[in-house]
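Colleague: This is target_34.txt, which holds compact mmCIF, C-alpha atoms:
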# COMPACT_ATOMS: atom_id res chain seq x y z
CA MET A 1 88.68 92.18 54.50
CA GLY A 2 90.89 92.60 57.56
CA LYS A 3 93.28 95.45 58.12
CA ARG A 4 96.80 95.02 56.84
CA GLY A 5 99.86 95.72 58.85
CA PRO A 6 101.11 94.71 62.26
CA LYS A 7 98.57 93.12 64.59
CA PRO A 8 98.17 94.43 68.14
CA GLN A 9 100.44 92.92 70.76
CA PHE A 10 98.74 91.24 73.69
CA THR A 11 101.25 92.21 76.33
CA ASN A 12 98.64 92.46 79.10
CA ILE A 13 97.50 88.83 78.67
CA ALA A 14 99.16 85.93 80.48
CA CYS A 15 99.04 82.21 79.73
CA PRO A 16 96.52 80.45 82.05
CA ASN A 17 98.21 77.02 81.68
CA GLU A 18 99.83 76.15 85.03
CA GLN A 19 102.25 73.73 83.31
CA CYS A 20 103.58 76.50 81.04
CA ASP A 21 106.94 78.04 81.99
CA LEU A 22 105.44 81.49 81.32
CA TYR A 23 102.26 80.89 83.38
CA GLY A 24 100.87 84.14 84.78
CA LEU A 25 103.65 86.28 83.31
CA LYS A 26 102.54 89.25 81.24
CA GLY A 27 104.61 91.06 78.64
CA GLN A 28 106.61 88.01 77.53
CA ASP A 29 105.46 88.19 73.87
CA ASN A 30 104.24 84.60 74.11
CA VAL A 31 100.51 85.33 73.65
CA ILE A 32 99.15 85.99 70.18
CA GLY A 33 95.64 86.62 68.89
CA ASN A 34 93.89 83.56 67.53
CA GLY A 35 90.67 85.00 66.12
CA THR A 36 87.29 85.84 67.62
CA TYR A 37 83.91 84.19 67.90
CA GLU A 38 80.39 85.28 68.76
CA SER A 39 79.51 84.50 72.37
CA ARG A 40 76.61 85.73 74.51
CA GLY A 41 75.74 88.41 72.00
CA GLY A 42 79.25 89.85 71.77
CA LYS A 43 82.63 89.03 70.35
CA THR A 44 85.02 86.98 72.42
CA ARG A 45 88.71 87.08 71.56
CA LYS A 46 90.74 83.86 71.42
CA TYR A 47 94.44 83.70 72.24
CA LYS A 48 97.24 81.19 71.86
CA CYS A 49 100.40 80.81 73.90
CA LYS A 50 103.35 80.36 71.55
CA HIS A 51 105.36 78.67 74.30
CA CYS A 52 103.01 75.81 75.32
CA GLY A 53 100.43 75.94 72.50
CA ARG A 54 97.44 76.37 74.85
CA VAL A 55 94.41 78.09 73.29
CA PHE A 56 92.23 80.20 75.60
CA ASN A 57 89.80 83.12 75.47
CA ASP A 58 88.72 86.25 77.35
CA HIS A 59 86.53 84.24 79.74
CA THR A 60 89.09 81.56 80.65
CA GLY A 61 89.52 81.41 84.40
CA SER A 62 86.70 83.88 85.09
CA TYR A 63 83.41 83.28 86.86
CA PHE A 64 81.65 83.28 83.46
CA SER A 65 83.98 80.73 81.92
CA ASN A 66 81.50 77.90 81.22
CA LEU A 67 78.19 79.72 81.54
CA ARG A 68 76.03 80.19 78.46
CA LYS A 69 73.71 82.97 79.61
CA ASN A 70 74.80 86.57 79.14
CA GLU A 71 76.72 88.15 81.99
CA LYS A 72 74.08 90.80 82.79
CA THR A 73 71.44 88.14 83.46
CA ILE A 74 73.76 86.15 85.72
CA LEU A 75 74.79 89.25 87.66
CA LEU A 76 71.14 90.26 88.03
CA ALA A 77 70.30 86.82 89.45
CA LEU A 78 73.15 87.12 91.97
CA LYS A 79 72.04 90.60 93.01
CA MET A 80 68.44 89.44 93.42
CA ALA A 81 69.56 86.52 95.61
CA MET A 82 71.67 88.80 97.79
CA LYS A 83 68.70 91.10 98.28
CA GLY A 84 66.66 88.18 99.63
CA MET A 85 64.59 86.92 96.70
CA SER A 86 63.88 83.19 96.61
CA ILE A 87 65.38 81.00 93.92
CA GLU A 88 61.92 80.29 92.51
CA ALA A 89 61.12 84.02 92.30
CA ILE A 90 64.42 84.77 90.56
CA ALA A 91 63.80 81.96 88.08
CA GLU A 92 60.29 83.22 87.36
CA VAL A 93 61.39 86.84 86.84
CA LEU A 94 64.31 85.90 84.58
CA GLU A 95 62.31 83.15 82.82
CA ILE A 96 64.88 80.44 83.49
CA GLN A 97 64.92 77.17 85.42
CA ALA A 98 65.31 77.25 89.22
CA ALA A 99 68.07 74.64 88.88
CA THR A 100 70.03 77.08 86.73
CA VAL A 101 69.78 79.78 89.38
CA THR A 102 70.87 77.27 92.04
CA ARG A 103 73.89 76.30 89.94
CA TRP A 104 74.87 79.97 89.46
CA LEU A 105 74.57 80.59 93.19
CA ALA A 106 76.65 77.51 93.99
CA LEU A 107 79.36 78.68 91.57
CA ALA A 108 79.31 82.15 93.10
CA ALA A 109 79.57 80.72 96.60
CA GLU A 110 82.51 78.50 95.61
CA GLN A 111 84.28 81.45 94.09
CA CYS A 112 83.18 83.92 96.74
CA ASP A 113 86.49 85.73 97.02
CA LYS A 114 86.97 85.84 93.25
CA VAL A 115 83.48 87.25 92.72
CA ASN A 116 83.91 89.80 95.52
CA ASN A 117 87.20 91.07 94.14
CA SER A 118 86.21 91.36 90.50
CA LEU A 119 82.45 91.81 90.17
CA MET A 120 80.94 93.14 93.37
CA LYS A 121 82.79 96.44 93.55
CA ASN A 122 79.94 98.96 93.55
CA LEU A 123 77.09 96.92 95.02
CA GLY A 124 77.53 97.80 98.67
CA VAL A 125 77.58 94.09 99.55
CA THR A 126 79.83 92.98 102.38
CA LYS A 127 81.86 89.82 102.46
CA ILE A 128 79.57 88.56 105.22
CA GLU A 129 76.56 88.85 102.89
CA MET A 130 78.40 86.81 100.25
CA ASP A 131 79.19 84.16 102.86
CA GLU A 132 75.52 84.10 103.82
CA LEU A 133 74.74 83.41 100.16
CA TRP A 134 76.50 80.06 100.47
CA VAL A 135 74.45 79.23 103.57
CA ILE A 136 71.25 80.01 101.63
CA VAL A 137 72.34 77.83 98.71
CA LYS A 138 73.23 74.92 100.99
CA LYS A 139 69.92 75.24 102.87
CA ASN A 140 67.85 75.37 99.68
CA SER A 141 69.75 72.53 98.03
CA SER A 142 69.35 70.26 101.06
CA THR A 143 65.57 70.82 101.15
CA ASN A 144 65.26 70.23 97.40
CA GLY A 145 67.65 67.26 97.40
CA LYS A 146 69.88 68.88 94.77
CA LEU A 147 73.56 69.90 94.60
Could you show the structure in this file as structure tokens?
Modeller:
Amino acid sequence: MGKRGPKPQFTNIACPNEQCDLYGLKGQDNVIGNGTYESRGGKTRKYKCKHCGRVFNDHTGSYFSNLRKNEKTILLALKMAMKGMSIEAIAEVLEIQAATVTRWLALAAEQCDKVNNSLMKNLGVTKIEMDELWVIVKKNSSTNGKL
């Protein structure tokens, strides 16, 4: 049974719907909790904007938004690629498909600035190295005929 009483306010969460009048504004009392679900081995909280009705979760708008593998594995694959490992070697070590690693690298390259700002804080990786990641992905995808 759940706890009785007032539910926590989600004042630090903003609506991600660009058509919403309260888009990106925190502390407007428009976001309410809408349950949780099991995702990637942990609980993910769902939210609902009372103003526009949009339902979203903790991962909405993040790099991990539509990825099914757990975040630690994805981050490890990115770190391995930045340290110079081949896509095939990464796939073999992590026991996943090389196409999956290529897709993760392509997503990271597309969101280079977003990844740098939020995830790559303590890695000692420069922005130039992240840009080189995109060059590696393009080179590998053109030789494999993918992407």
Colleague: Mind listing as a PyMOL selection string all residues within 12 Å of (70.2, 87.5, 85.2), counting all atoms listed in the file?
Modeller: chain A and resi 67-81+87+90-97+100-101+104-105
Colleague: Excluding same-chain residues fewer than 6 positions from Lys48 (chain A), what lies within 7 Å of it counting only C-alpha atoms, as an MDAnalysis selection string?
Modeller: chainID A and resid 31:34 54:56
Colleague: In terms of the shortest atom-to-atom distance over only C-alpha atoms, which of A:Gln19, A:Thr36, A:Thr11, A:Thr102 is closest to Glu88 (chain A)?
Modeller: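 Distance minimum relative to Glu88 (chain A) lands on A:Thr102.
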Colleague: What's around Gln28 (chain A) at 10 Å? Count all atoms listed in the file, leave out sequence neighbours fewer than 6 positions away in its own chain, and write the answer as a list in words.
Modeller: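 Once the nearby chain positions are removed, what remains is Phe10, Thr11, Asn12, Ile13, Ala14, Cys15, Leu22 and His51 of chain A.
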Colleague: Report as a compact mmCIF listing (two decimals) with C-alpha atoms, keeping the file's coordinate frame all protein, DNA and RNA residues lying within 7 Å of Arg45 (chain A), evaluated on all atoms listed in the file, omitting residues in the same chain fewer than 3 positions from it.
Modeller:
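Just written: out05.txt:
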# COMPACT_ATOMS: atom_id res chain seq x y z
CA GLY A 35 90.67 85.00 66.12
CA THR A 36 87.29 85.84 67.62
CA TYR A 37 83.91 84.19 67.90
CA ASN A 57 89.80 83.12 75.47
CA ASP A 58 88.72 86.25 77.35
Colleague: Which residues are near Glu129 (chain A)? Cut-off 10 Å, all atoms listed in the file, ignore same chain within fewer than 5 positions. Put them as a PyMOL selection string.
Modeller: chain A and resi 82-83+124+134-135
Colleague: Could you work out how far CA of Gly61 (chain A) lies from CA of Tyr23 (chain A), giving the answer in Å with one decimal?
Modeller: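 Distance reported for this atom pair: 12.8 Å.
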Colleague: For CA of Thr60 (chain A) and CA of Gln111 (chain A), quote the distance in Å rounded to one decimal.
Modeller: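 Distance between the two atoms: 14.3 Å.
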Colleague: Mind pulling up the distance from CA of Lys43 (chain A) to CA of Ala99 (chain A)?
Modeller: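 CA of Lys43 (chain A) lies at a distance of 27.6 Å from CA of Ala99 (chain A).
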Colleague: Choose the residue, out of A:Gly53, A:Ile128, A:Asn140, A:Phe64, that has the smallest atom-to-atom separation from Ala108 (chain A); count all atoms listed in the file.
Modeller: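 Once distances to Ala108 (chain A) are computed over all atoms listed in the file, the minimum belongs to A:Phe64.
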Colleague: Measuring atom to atom with all atoms listed in the file, identify which of A:Asn66, A:Asn30, A:Thr44, A:Ser86 is nearest to Gln9 (chain A).
Modeller: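 Residue with the minimum atom-to-atom distance to Gln9 (chain A): A:Asn30.
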Colleague: Pick out the closest residue to Arg103 (chain A) from this set: A:Leu25, A:Gly84, A:Ala89, A:Lys138. Count all atoms listed in the file.
Modeller: A:Lys138
